[in-house]
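Here's the structure, in structure tokens; my notes come after.
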Amino acid sequence: MTKAGEFLKNDIVMKKSRIWELDLIRGFLLILVTWDHIGIFGYCWNIIGASNAFGIWLREFMFKYLASGLRYGFEPVLIFTLVFLSGINCTFSRSHTKRAIEMLYFDIGFIFLHNMGTYVFPDTLMGETVFNILTIFAICFSIWAIIDYFKVDDIYLLIFGVCLTAIGLYFYILQRTDLSDFGALPDWMRNLFWLIYNDDAYIYSYNNFEPLLPGLGFFLLGGVYGRNIYRQKTSLLNKPCPKILKPTVWIGKHSLMVFIFGAPILVFIMWIMSLIKIL
């Protein structure tokens, strides 16, 4: 094989390769997200029944989990880590504009279906859905397309990433804890609405709300991490993925589809299982 042919072969292999350790982490997080969504959509909405002792135990266990401090504390860590990982993966993309447009389509479709659902199930789906995690991804990917086009240096991304993360976490702590009175803030701060965690946005977007901050900050930091730590765009582990981990890696590889369709499909299956007295 000629040197040109060997280079082309290696280039093709590199483009098709995946960073399996990143897919593994993302897959594990998506399992937790799906579990959480099953609890909200399946049990809180009273779709999944309990026809036997196991079903009753599972339902009680799920409600205890949803009301636990573990879930309350881990939820933001899970979300912010997913956004950080998306920032890393964005550095591997060959078409940032295409990626941003695709995510925007998914976001618009999700918002449309959710808002249509408020008319069909008014007692279950309440309020509008404008800003959610898909919206954050669509905005972040769009911003990264601009960053990549203008070749913005890592130092600026690092500074902006740290600042936006700090600002977002500050308002997150104010909104989620009793450490300070959120209502005592100046009006211009409380009226940032979709940019930060705030009570007014949760009232308007009752079922699903995620602000731009600190998500954008974590995304930019992930981009800086990906540019430098994964400069070669190859796995940092000098061994293939163990077979036992491949199912979780597969979930991480198809994270968007799992995020959108995973919980609804499993809730439907569990609903059927409750009807035939398996759950």
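Residue numbering restarts at 1 in every chain; chains get A, B, ... in the order shown in the structure tokens, and ligands count up from 1 in that same order.
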Contacts of Leu125 of chain A within 10 Å, only C-alpha atoms, excl. fewer than 6 positions in-chain, as a PyMOL selection string: chain A and resi 45+114-119+206-208
Go ahead and write the residues just picked, C-alpha atoms, as a PDB file, in the first residue's frame.
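Once written, part-v4.pdb looks like this:
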ATOM      1  CA  TRP A  45     -48.164  10.501  36.512  1.00  0.00           C
ATOM      2  CA  HIS A 114     -44.861  18.910  24.934  1.00  0.00           C
ATOM      3  CA  ASN A 115     -46.999  21.983  24.411  1.00  0.00           C
ATOM      4  CA  MET A 116     -49.506  19.976  22.356  1.00  0.00           C
ATOM      5  CA  GLY A 117     -49.617  17.502  25.230  1.00  0.00           C
ATOM      6  CA  THR A 118     -50.737  20.233  27.611  1.00  0.00           C
ATOM      7  CA  TYR A 119     -54.024  20.356  25.693  1.00  0.00           C
ATOM      8  CA  TYR A 206     -43.491  24.013  35.115  1.00  0.00           C
ATOM      9  CA  ASN A 207     -42.599  20.541  33.862  1.00  0.00           C
ATOM     10  CA  ASN A 208     -39.257  21.192  32.231  1.00  0.00           C
TER      11      ASN A 208
END
Env of Tyr202 of chain A: 10 Å cut, atoms = only C-alpha atoms, seq-sep filter 6 positions within chain, self excluded. Answer as an mmCIF file with C-alpha atoms, in the first residue's frame.
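Contents of the output file result10.cif:
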data_model
loop_
_atom_site.group_PDB
_atom_site.id
_atom_site.type_symbol
_atom_site.label_atom_id
_atom_site.label_comp_id
_atom_site.auth_asym_id
_atom_site.auth_seq_id
_atom_site.Cartn_x
_atom_site.Cartn_y
_atom_site.Cartn_z
ATOM 1 C CA GLY A 127 -47.244 25.294 31.738
ATOM 2 C CA GLU A 128 -45.122 25.917 28.674
ATOM 3 C CA THR A 129 -41.764 24.414 27.790
ATOM 4 C CA PHE A 193 -35.417 34.677 33.516
ATOM 5 C CA TRP A 194 -34.097 32.107 30.996
ATOM 6 C CA ASN A 208 -39.257 21.192 32.231
ATOM 7 C CA PHE A 209 -36.840 24.078 32.722
ATOM 8 C CA GLU A 210 -33.070 24.474 32.402
#
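The residue set within 7 Å of segment 53-70 of chain A, counting only C-alpha atoms and dropping same-chain residues fewer than 3 places from it, reads Gly39, Tyr43, Ala50, Gly73, Phe74 and Leu279 of chain A.
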Generate the output file for the selected residues, C-alpha atoms, as a PDB file, in the first residue's frame.
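part_3.pdb was written with the following content:
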ATOM      1  CA  GLY A  39     -40.141   7.756  38.125  1.00  0.00           C
ATOM      2  CA  TYR A  43     -45.104   6.760  38.735  1.00  0.00           C
ATOM      3  CA  ALA A  50     -48.685  -2.094  41.039  1.00  0.00           C
ATOM      4  CA  GLY A  73     -28.288  16.732  45.183  1.00  0.00           C
ATOM      5  CA  PHE A  74     -27.250  14.458  42.334  1.00  0.00           C
ATOM      6  CA  LEU A 279     -45.650  -5.526  37.984  1.00  0.00           C
TER       7      LEU A 279
END
Exercise: Leu104 of chain A partners within 10 Å, only C-alpha atoms, chain neighbours under 3 positions left out, as a PyMOL selection string: chain A and resi 98-101+107-110+134-139+141-142
Residue among A:Tyr149, A:Phe28, A:Phe41, A:Trp20 lying closest to Met270 of chain A, counting only C-alpha atoms: A:Phe41
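The smallest atom-to-atom distance between Tyr197 of chain A and any of A:Leu220, A:Ile38, A:Pro76, A:Thr81, using only C-alpha atoms, is found for A:Pro76.
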Identify, on the basis of only C-alpha atoms, every residue whose closest approach to segment 233-244 of chain A does not exceed 10 Å; exclude the query and any residue fewer than 4 positions from it along the same chain; express the result as a PDB file with N, CA and C atoms, in the first residue's frame.
ATOM      1  N   MET A  14      -9.588   6.945  11.894  1.00  0.00           N
ATOM      2  CA  MET A  14      -9.637   7.930  12.958  1.00  0.00           C
ATOM      3  C   MET A  14     -10.991   8.618  13.000  1.00  0.00           C
ATOM      4  N   LYS A  15     -11.580   8.913  11.828  1.00  0.00           N
ATOM      5  CA  LYS A  15     -12.872   9.590  11.789  1.00  0.00           C
ATOM      6  C   LYS A  15     -13.976   8.709  12.346  1.00  0.00           C
ATOM      7  N   SER A  17     -13.572   6.301  14.615  1.00  0.00           N
ATOM      8  CA  SER A  17     -13.308   5.841  15.975  1.00  0.00           C
ATOM      9  C   SER A  17     -14.109   6.646  16.982  1.00  0.00           C
ATOM     10  N   ARG A  18     -14.382   6.015  18.124  1.00  0.00           N
ATOM     11  CA  ARG A  18     -15.103   6.664  19.216  1.00  0.00           C
ATOM     12  C   ARG A  18     -14.206   6.670  20.442  1.00  0.00           C
ATOM     13  N   ILE A  19     -14.396   7.676  21.279  1.00  0.00           N
ATOM     14  CA  ILE A  19     -13.690   7.727  22.558  1.00  0.00           C
ATOM     15  C   ILE A  19     -14.547   6.949  23.546  1.00  0.00           C
ATOM     16  N   TRP A  20     -14.253   5.665  23.712  1.00  0.00           N
ATOM     17  CA  TRP A  20     -15.196   4.798  24.405  1.00  0.00           C
ATOM     18  C   TRP A  20     -15.343   5.155  25.873  1.00  0.00           C
ATOM     19  N   GLU A  21     -14.311   5.720  26.509  1.00  0.00           N
ATOM     20  CA  GLU A  21     -14.456   6.065  27.922  1.00  0.00           C
ATOM     21  C   GLU A  21     -15.442   7.219  28.123  1.00  0.00           C
ATOM     22  N   LEU A  22     -15.520   8.122  27.133  1.00  0.00           N
ATOM     23  CA  LEU A  22     -16.513   9.198  27.205  1.00  0.00           C
ATOM     24  C   LEU A  22     -17.916   8.650  26.992  1.00  0.00           C
ATOM     25  N   LEU A  24     -18.820   5.688  27.750  1.00  0.00           N
ATOM     26  CA  LEU A  24     -19.127   4.926  28.967  1.00  0.00           C
ATOM     27  C   LEU A  24     -19.702   5.832  30.053  1.00  0.00           C
ATOM     28  N   ASN A  89     -17.143  16.481  23.384  1.00  0.00           N
ATOM     29  CA  ASN A  89     -17.454  15.815  22.120  1.00  0.00           C
ATOM     30  C   ASN A  89     -17.609  16.790  20.964  1.00  0.00           C
ATOM     31  N   THR A  91     -15.707  19.073  20.189  1.00  0.00           N
ATOM     32  CA  THR A  91     -14.398  19.297  19.572  1.00  0.00           C
ATOM     33  C   THR A  91     -14.065  18.216  18.547  1.00  0.00           C
ATOM     34  N   PHE A  92     -14.805  17.096  18.565  1.00  0.00           N
ATOM     35  CA  PHE A  92     -14.571  16.025  17.596  1.00  0.00           C
ATOM     36  C   PHE A  92     -15.436  16.175  16.348  1.00  0.00           C
ATOM     37  N   GLY A 226     -11.543  19.182  25.880  1.00  0.00           N
ATOM     38  CA  GLY A 226     -11.453  18.326  24.700  1.00  0.00           C
ATOM     39  C   GLY A 226     -10.351  18.753  23.754  1.00  0.00           C
ATOM     40  N   ARG A 227     -10.193  20.046  23.574  1.00  0.00           N
ATOM     41  CA  ARG A 227      -9.154  20.555  22.673  1.00  0.00           C
ATOM     42  C   ARG A 227      -7.757  20.169  23.129  1.00  0.00           C
ATOM     43  N   ASN A 228      -7.550  20.130  24.448  1.00  0.00           N
ATOM     44  CA  ASN A 228      -6.211  19.918  24.977  1.00  0.00           C
ATOM     45  C   ASN A 228      -5.951  18.479  25.415  1.00  0.00           C
ATOM     46  N   ILE A 229      -6.862  17.893  26.170  1.00  0.00           N
ATOM     47  CA  ILE A 229      -6.638  16.540  26.670  1.00  0.00           C
ATOM     48  C   ILE A 229      -6.836  15.505  25.561  1.00  0.00           C
ATOM     49  N   THR A 248     -23.354  -0.347  28.077  1.00  0.00           N
ATOM     50  CA  THR A 248     -23.386   1.021  28.583  1.00  0.00           C
ATOM     51  C   THR A 248     -22.744   1.983  27.594  1.00  0.00           C
ATOM     52  N   VAL A 249     -21.664   1.541  26.950  1.00  0.00           N
ATOM     53  CA  VAL A 249     -21.016   2.358  25.923  1.00  0.00           C
ATOM     54  C   VAL A 249     -21.960   2.595  24.751  1.00  0.00           C
TER      55      VAL A 249
END
Backbone DSSP call of alpha helix (DSSP H) for segment 118-232 of chain A, listed as a PyMOL selection string: chain A and resi 118-120+133-149+154-176+187-190+199-204+215-229
Export, as a PDB file, in the first residue's frame, the selected residues with C-alpha atoms.
ATOM      1  CA  THR A 118     -50.737  20.233  27.611  1.00  0.00           C
ATOM      2  CA  TYR A 119     -54.024  20.356  25.693  1.00  0.00           C
ATOM      3  CA  VAL A 120     -54.472  16.566  25.696  1.00  0.00           C
ATOM      4  CA  ILE A 133     -31.783  20.720  28.303  1.00  0.00           C
ATOM      5  CA  LEU A 134     -32.199  20.301  24.516  1.00  0.00           C
ATOM      6  CA  THR A 135     -32.494  24.081  24.172  1.00  0.00           C
ATOM      7  CA  ILE A 136     -29.240  24.470  26.089  1.00  0.00           C
ATOM      8  CA  PHE A 137     -27.504  21.967  23.813  1.00  0.00           C
ATOM      9  CA  ALA A 138     -28.832  23.718  20.674  1.00  0.00           C
ATOM     10  CA  ILE A 139     -27.582  27.113  21.890  1.00  0.00           C
ATOM     11  CA  CYS A 140     -24.228  25.738  23.039  1.00  0.00           C
ATOM     12  CA  PHE A 141     -23.599  23.925  19.731  1.00  0.00           C
ATOM     13  CA  SER A 142     -24.511  27.094  17.827  1.00  0.00           C
ATOM     14  CA  ILE A 143     -22.114  29.170  19.910  1.00  0.00           C
ATOM     15  CA  TRP A 144     -19.385  26.576  19.418  1.00  0.00           C
ATOM     16  CA  ALA A 145     -19.838  26.789  15.631  1.00  0.00           C
ATOM     17  CA  ILE A 146     -19.071  30.518  15.901  1.00  0.00           C
ATOM     18  CA  ILE A 147     -16.137  29.843  18.235  1.00  0.00           C
ATOM     19  CA  ASP A 148     -14.674  27.318  15.813  1.00  0.00           C
ATOM     20  CA  TYR A 149     -15.189  29.607  12.808  1.00  0.00           C
ATOM     21  CA  ASP A 154      -8.578  28.499  24.666  1.00  0.00           C
ATOM     22  CA  ILE A 155      -7.579  31.132  27.223  1.00  0.00           C
ATOM     23  CA  TYR A 156     -10.651  33.222  26.401  1.00  0.00           C
ATOM     24  CA  LEU A 157     -12.914  30.175  26.487  1.00  0.00           C
ATOM     25  CA  LEU A 158     -11.434  29.208  29.846  1.00  0.00           C
ATOM     26  CA  ILE A 159     -12.010  32.667  31.320  1.00  0.00           C
ATOM     27  CA  PHE A 160     -15.577  32.923  30.003  1.00  0.00           C
ATOM     28  CA  GLY A 161     -16.297  29.331  31.006  1.00  0.00           C
ATOM     29  CA  VAL A 162     -15.170  29.859  34.593  1.00  0.00           C
ATOM     30  CA  CYS A 163     -17.058  33.161  34.904  1.00  0.00           C
ATOM     31  CA  LEU A 164     -20.325  31.845  33.433  1.00  0.00           C
ATOM     32  CA  THR A 165     -20.129  28.702  35.550  1.00  0.00           C
ATOM     33  CA  ALA A 166     -19.556  30.718  38.722  1.00  0.00           C
ATOM     34  CA  ILE A 167     -22.450  33.092  37.940  1.00  0.00           C
ATOM     35  CA  GLY A 168     -24.814  30.245  37.120  1.00  0.00           C
ATOM     36  CA  LEU A 169     -23.916  28.232  40.221  1.00  0.00           C
ATOM     37  CA  TYR A 170     -24.370  31.327  42.375  1.00  0.00           C
ATOM     38  CA  PHE A 171     -27.964  31.753  41.225  1.00  0.00           C
ATOM     39  CA  TYR A 172     -28.513  28.004  41.399  1.00  0.00           C
ATOM     40  CA  ILE A 173     -27.569  28.024  45.092  1.00  0.00           C
ATOM     41  CA  LEU A 174     -29.786  31.044  45.735  1.00  0.00           C
ATOM     42  CA  GLN A 175     -32.773  29.426  44.040  1.00  0.00           C
ATOM     43  CA  ARG A 176     -32.366  25.907  45.478  1.00  0.00           C
ATOM     44  CA  ASP A 187     -35.079  43.389  39.792  1.00  0.00           C
ATOM     45  CA  TRP A 188     -32.619  43.286  36.892  1.00  0.00           C
ATOM     46  CA  MET A 189     -31.038  40.141  38.361  1.00  0.00           C
ATOM     47  CA  ARG A 190     -34.332  38.382  39.055  1.00  0.00           C
ATOM     48  CA  ASP A 199     -38.761  30.768  40.558  1.00  0.00           C
ATOM     49  CA  ASP A 200     -40.621  32.727  37.864  1.00  0.00           C
ATOM     50  CA  ALA A 201     -39.241  30.539  35.078  1.00  0.00           C
ATOM     51  CA  TYR A 202     -40.265  27.372  36.951  1.00  0.00           C
ATOM     52  CA  ILE A 203     -43.807  28.730  37.251  1.00  0.00           C
ATOM     53  CA  TYR A 204     -43.972  29.438  33.518  1.00  0.00           C
ATOM     54  CA  GLY A 215     -24.691  25.067  31.407  1.00  0.00           C
ATOM     55  CA  LEU A 216     -22.928  27.241  28.812  1.00  0.00           C
ATOM     56  CA  GLY A 217     -20.010  27.686  31.204  1.00  0.00           C
ATOM     57  CA  PHE A 218     -19.595  23.930  31.677  1.00  0.00           C
ATOM     58  CA  PHE A 219     -19.897  23.444  27.904  1.00  0.00           C
ATOM     59  CA  LEU A 220     -17.084  25.916  27.199  1.00  0.00           C
ATOM     60  CA  LEU A 221     -14.895  24.275  29.837  1.00  0.00           C
ATOM     61  CA  GLY A 222     -15.610  20.918  28.236  1.00  0.00           C
ATOM     62  CA  GLY A 223     -14.553  22.347  24.881  1.00  0.00           C
ATOM     63  CA  VAL A 224     -11.241  23.550  26.336  1.00  0.00           C
ATOM     64  CA  TYR A 225     -10.734  20.136  27.955  1.00  0.00           C
ATOM     65  CA  GLY A 226     -11.453  18.326  24.700  1.00  0.00           C
ATOM     66  CA  ARG A 227      -9.154  20.555  22.673  1.00  0.00           C
ATOM     67  CA  ASN A 228      -6.211  19.918  24.977  1.00  0.00           C
ATOM     68  CA  ILE A 229      -6.638  16.540  26.670  1.00  0.00           C
TER      69      ILE A 229
END
Atomic separation - atom CA of Asn198 of chain A relative to atom CA of Phe106 of chain A, Å: 25.0 Å
